[in-house]
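Participant: So that you have it, the file is upload_25.tsv, and it contains TSV, C-alpha atoms and all ligand atoms:
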chain	number	residue	atom	x	y	z
A	1	MET	CA	122.60	103.32	113.48
A	2	TYR	CA	119.84	100.77	112.95
A	3	THR	CA	118.68	99.17	116.18
A	4	PRO	CA	116.65	96.00	115.66
A	5	VAL	CA	113.28	95.87	117.39
A	6	PRO	CA	112.55	92.66	119.37
A	7	ARG	CA	109.29	91.17	118.08
A	8	LEU	CA	106.72	88.45	118.52
A	9	ILE	CA	105.66	87.38	115.03
A	10	LEU	CA	102.34	85.63	114.38
A	11	HIS	CA	102.20	83.82	111.05
A	12	PRO	CA	100.28	81.02	109.29
A	13	ALA	CA	101.62	77.55	110.12
A	14	ASP	CA	101.71	76.77	106.39
A	15	PRO	CA	104.40	79.02	104.87
A	16	ARG	CA	102.78	78.58	101.45
A	17	TYR	CA	99.47	80.06	102.58
A	18	VAL	CA	98.51	83.15	100.59
A	19	PRO	CA	95.88	85.28	102.31
A	20	SER	CA	92.89	86.36	100.30
A	21	ASP	CA	91.55	89.19	102.45
A	22	HIS	CA	93.90	91.48	104.34
A	23	ASN	CA	91.04	93.52	105.75
A	24	GLU	CA	89.26	90.56	107.41
A	25	ILE	CA	92.28	89.98	109.65
A	26	PHE	CA	92.57	93.65	110.57
A	27	LYS	CA	88.84	93.82	111.42
A	28	ALA	CA	89.05	90.67	113.55
A	29	LEU	CA	92.03	92.03	115.54
A	30	LEU	CA	90.23	95.33	116.00
A	31	ALA	CA	87.10	93.53	117.24
A	32	ILE	CA	88.96	91.58	119.95
A	33	GLY	CA	90.84	94.71	121.07
A	34	LEU	CA	94.40	93.72	120.16
A	35	LEU	CA	94.87	97.00	118.34
A	36	THR	CA	93.24	100.34	117.65
A	37	GLU	CA	92.68	102.14	114.37
A	38	THR	CA	95.26	104.75	115.40
A	39	THR	CA	98.52	104.38	113.52
A	40	CYS	CA	101.91	105.35	114.96
A	41	ASP	CA	103.93	104.39	111.90
A	42	LYS	CA	103.34	102.96	108.46
A	43	HIS	CA	101.17	99.80	108.74
A	44	THR	CA	101.61	100.04	112.53
A	45	TYR	CA	98.82	100.46	115.08
A	46	LEU	CA	98.67	101.34	118.76
A	47	ALA	CA	97.76	98.58	121.21
A	48	GLY	CA	94.05	98.11	121.97
A	49	LYS	CA	92.42	97.81	125.38
A	50	GLU	CA	92.59	93.98	125.41
A	51	PHE	CA	96.23	93.81	124.27
A	52	ILE	CA	97.55	92.75	127.65
A	53	ASN	CA	94.93	89.97	127.93
A	54	LEU	CA	95.66	88.56	124.48
A	55	LEU	CA	99.27	87.78	125.38
A	56	THR	CA	100.54	85.65	128.22
A	57	PHE	CA	103.65	87.14	129.77
A	58	LEU	CA	106.13	84.61	131.11
A	59	GLY	CA	108.17	85.02	134.27
A	60	CYS	CA	107.78	88.00	136.60
A	61	SER	CA	105.25	90.52	135.38
A	62	PRO	CA	107.13	93.06	133.31
A	63	GLU	CA	106.37	96.73	132.95
A	64	ILE	CA	104.83	96.77	129.53
A	65	LYS	CA	104.64	100.12	127.76
A	66	LEU	CA	101.49	100.42	125.70
A	67	SER	CA	101.44	103.96	124.38
A	68	PRO	CA	103.86	106.62	123.13
A	69	GLN	CA	103.21	108.55	126.36
A	70	ASP	CA	104.92	105.71	128.26
A	71	GLY	CA	108.19	106.52	126.51
A	72	GLU	CA	110.13	104.72	123.81
A	73	ASN	CA	109.91	100.99	123.17
A	74	PHE	CA	106.14	100.83	123.62
A	75	CYS	CA	104.37	97.80	122.11
A	76	SER	CA	102.66	98.32	118.78
A	77	ILE	CA	101.20	96.02	116.13
A	78	SER	CA	102.37	96.00	112.52
A	79	ILE	CA	100.40	94.47	109.66
A	80	PRO	CA	102.74	94.81	106.70
A	81	GLY	CA	101.69	94.11	103.13
A	82	TYR	CA	101.98	90.57	101.84
A	83	HIS	CA	105.19	89.22	100.38
A	84	GLU	CA	104.93	87.90	96.88
A	85	ASP	CA	107.16	84.99	97.92
A	86	ASN	CA	107.34	82.83	100.99
A	87	MET	CA	110.00	84.83	102.86
A	88	LEU	CA	111.92	84.69	106.14
A	89	LEU	CA	109.75	86.89	108.39
A	90	GLY	CA	112.33	87.31	111.15
A	91	TYR	CA	114.78	85.40	113.33
A	92	THR	CA	116.59	85.62	116.65
A	93	SER	CA	120.32	86.13	117.08
A	94	THR	CA	120.59	82.71	118.77
A	95	ILE	CA	118.75	80.55	116.24
A	96	ILE	CA	120.47	77.44	114.84
A	97	PRO	CA	117.95	75.70	112.56
A	98	ARG	CA	117.96	71.88	112.35
A	99	CYS	CA	117.39	69.37	109.60
A	100	PRO	CA	113.90	67.94	110.29
A	101	ALA	CA	115.01	64.45	109.19
A	102	CYS	CA	118.22	63.88	111.23
A	103	LYS	CA	118.13	66.88	113.65
A	104	HIS	CA	121.58	67.96	112.47
A	105	LYS	CA	122.26	71.56	113.50
A	106	VAL	CA	122.88	73.92	110.61
A	107	ASN	CA	125.62	76.00	112.23
A	108	ASP	CA	126.53	79.24	110.43
A	109	TRP	CA	123.24	78.86	108.61
A	110	LYS	CA	123.52	82.10	106.66
A	111	GLN	CA	126.75	80.83	105.12
A	112	HIS	CA	125.47	77.30	104.47
A	113	ILE	CA	122.04	78.20	103.12
A	114	HIS	CA	122.76	80.15	100.01
A	115	ASP	CA	119.31	81.73	99.63
A	116	TRP	CA	118.04	81.72	103.23
A	117	LYS	CA	115.60	84.58	102.70
A	118	HIS	CA	113.38	82.48	100.42
A	119	GLY	CA	111.38	79.67	101.98
A	120	ASN	CA	111.23	77.58	98.81
A	121	HIS	CA	115.01	77.41	98.51
A	122	ILE	CA	116.16	73.79	99.00
A	123	TYR	CA	118.61	72.98	101.79
A	124	HIS	CA	120.64	69.85	101.16
A	125	CYS	CA	121.61	68.26	104.50
A	126	THR	CA	125.31	67.37	104.67
A	127	GLU	CA	124.60	64.62	107.25
A	128	CYS	CA	121.60	62.68	105.89
A	129	GLN	CA	121.37	64.07	102.32
A	130	GLN	CA	117.72	65.01	102.85
A	131	GLN	CA	116.55	67.92	100.71
A	132	THR	CA	114.23	70.30	102.56
A	133	PRO	CA	112.72	73.68	101.62
A	134	VAL	CA	114.32	76.09	104.13
A	135	ALA	CA	110.87	77.12	105.40
A	136	GLU	CA	110.47	73.52	106.63
A	137	LEU	CA	113.71	73.33	108.61
A	138	ASN	CA	113.12	73.20	112.35
A	139	TRP	CA	113.31	76.85	113.42
A	140	ARG	CA	111.94	76.15	116.92
A	141	GLN	CA	110.01	79.44	117.16
A	142	GLU	CA	113.20	81.44	116.60
A	143	GLY	CA	112.49	82.01	112.96
A	144	GLY	CA	109.54	81.66	110.60
A	145	TYR	CA	108.61	81.87	106.92
A	146	GLY	CA	105.51	82.92	105.09
A	147	HIS	CA	103.74	85.39	102.83
A	148	CYS	CA	102.26	87.39	105.70
A	149	ALA	CA	102.60	88.14	109.41
A	150	ILE	CA	101.22	90.12	112.30
A	151	ILE	CA	104.15	91.68	114.15
A	152	ILE	CA	104.01	92.71	117.80
A	153	ASN	CA	106.85	95.13	118.36
A	154	HIS	CA	108.96	95.36	121.53
A	155	ILE	CA	108.32	91.88	122.82
A	156	HIS	CA	111.62	90.13	123.57
A	157	PRO	CA	112.22	86.47	122.62
A	158	HIS	CA	110.27	84.22	125.00
A	159	GLU	CA	108.93	87.18	127.00
A	160	ALA	CA	105.31	86.44	126.04
A	161	VAL	CA	103.23	83.96	124.04
A	162	PRO	CA	99.96	84.66	122.21
A	163	ALA	CA	96.81	83.60	124.09
A	164	ASP	CA	94.71	80.87	122.45
A	165	LYS	CA	92.00	83.46	121.74
A	166	LEU	CA	94.41	85.51	119.63
A	167	LEU	CA	95.52	82.53	117.52
A	168	SER	CA	91.97	81.20	117.14
A	169	THR	CA	90.73	84.64	116.05
A	170	LEU	CA	93.39	84.73	113.33
A	171	GLN	CA	92.44	81.21	112.28
A	172	GLN	CA	88.74	82.10	112.01
A	173	ALA	CA	89.48	85.23	110.00
A	174	SER	CA	91.78	83.44	107.55
A	175	GLN	CA	90.64	79.77	107.59
A	176	THR	CA	94.20	78.62	108.30
A	177	GLU	CA	96.14	77.71	111.45
A	178	TRP	CA	98.48	80.35	112.93
A	179	VAL	CA	101.66	79.91	114.97
A	180	TYR	CA	104.32	82.29	116.28
A	181	CYS	CA	108.03	82.93	116.48
A	182	TYR	CA	110.37	85.57	117.86
A	183	ALA	CA	112.81	87.86	116.16
A	184	ASN	CA	115.43	90.41	117.07
A	185	ASN	CA	117.21	90.76	113.74
B	1	ZN	ZN	119.69	65.75	107.89
In structure tokens, how does this file's structure come out?
Ligand SMILES: [Zn+2]
Facilitator:
Amino acid sequence: MYTPVPRLILHPADPRYVPSDHNEIFKALLAIGLLTETTCDKHTYLAGKEFINLLTFLGCSPEIKLSPQDGENFCSISIPGYHEDNMLLGYTSTIIPRCPACKHKVNDWKQHIHDWKHGNHIYHCTECQQQTPVAELNWRQEGGYGHCAIIINHIHPHEAVPADKLLSTLQQASQTEWVYCYANN
């Protein structure tokens, strides 16, 4: 049975942003010590020595597993290939997106948004009639769209946030602003 992995997803704030150089981002994350060059799965790297300092853990300090020797569910970093389209990168089980114009909650969003996987699909609000690309609905960090993402595996929703240094490093390497969301789908 497929068990979803809880994740912290870093992605460009602009869902339409198409990265030009994959390798620049990898090199920048290697340089600040978020990850190592050692892979543990396809496109997935072991945590680097600064990993724990590049995230801010909320609440009581958890026991974070950083290597396969620590047992299952250790944190790792995935840099998957780019999506050709602006796609839903991940979402939490509790997310209810809202219309950005009238704040109306889109309950049962997968039923109401016919093509929810594609960020350019237009959602027509039943309350205010506003038409919004689904990537621009208010996902409140419980969902995000884009062509690319850096995925930190085995971080639960709202367990940790990226440190400013991590987001600014991504911005410098890509010349675009980065934000984050959580997923456990
Ligand atoms: Zn609306």
Participant: For chain A versus ligand ZN 1 (chain B), which residues have an atom no more than 12 Å away, and what is each residue's nearest atom pair and distance in Å rounded to one decimal, using all atoms listed in the file, chain-then-number order, as a Markdown table?
Facilitator:
| residue | atom | partner | partner_atom | distance |
| --- | --- | --- | --- | --- |
| A:Pro97 | CA | B:ZN1 | ZN | 11.1 |
| A:Arg98 | CA | B:ZN1 | ZN | 7.8 |
| A:Cys99 | CA | B:ZN1 | ZN | 4.6 |
| A:Pro100 | CA | B:ZN1 | ZN | 6.6 |
| A:Ala101 | CA | B:ZN1 | ZN | 5.0 |
| A:Cys102 | CA | B:ZN1 | ZN | 4.1 |
| A:Lys103 | CA | B:ZN1 | ZN | 6.1 |
| A:His104 | CA | B:ZN1 | ZN | 5.4 |
| A:Lys105 | CA | B:ZN1 | ZN | 8.5 |
| A:Val106 | CA | B:ZN1 | ZN | 9.2 |
| A:Tyr123 | CA | B:ZN1 | ZN | 9.5 |
| A:His124 | CA | B:ZN1 | ZN | 7.9 |
| A:Cys125 | CA | B:ZN1 | ZN | 4.6 |
| A:Thr126 | CA | B:ZN1 | ZN | 6.7 |
| A:Glu127 | CA | B:ZN1 | ZN | 5.1 |
| A:Cys128 | CA | B:ZN1 | ZN | 4.1 |
| A:Gln129 | CA | B:ZN1 | ZN | 6.1 |
| A:Gln130 | CA | B:ZN1 | ZN | 5.5 |
| A:Gln131 | CA | B:ZN1 | ZN | 8.1 |
| A:Thr132 | CA | B:ZN1 | ZN | 8.9 |
| A:Leu137 | CA | B:ZN1 | ZN | 9.7 |
| A:Asn138 | CA | B:ZN1 | ZN | 10.9 |
Participant: Near Gly119 (chain A), counting only C-alpha atoms, which residues have an atom at most 8 Å away, once you skip same-chain residues fewer than 6 positions from it, shown as a PyMOL selection string?
Facilitator: chain A and resi 15+85-88+133-136+145-146
Participant: Suppose you want the space between CA of Gln171 (chain A) and CA of Thr44 (chain A); what is it in Å?
Facilitator: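 A separation of 20.9 Å between them.
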Participant: So the first atom is CA of His156 (chain A) and the second is CA of Val5 (chain A); what is the distance between them in Å, to one decimal place?
Facilitator: 8.6 Å
Participant: When distances are computed from all atoms listed in the file, which of A:Ile152, A:Leu89, A:Ile25, A:Ile79 shows the smallest separation from His118 (chain A)?
Facilitator: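 Using all atoms listed in the file, the shortest distance to His118 (chain A) belongs to A:Leu89.
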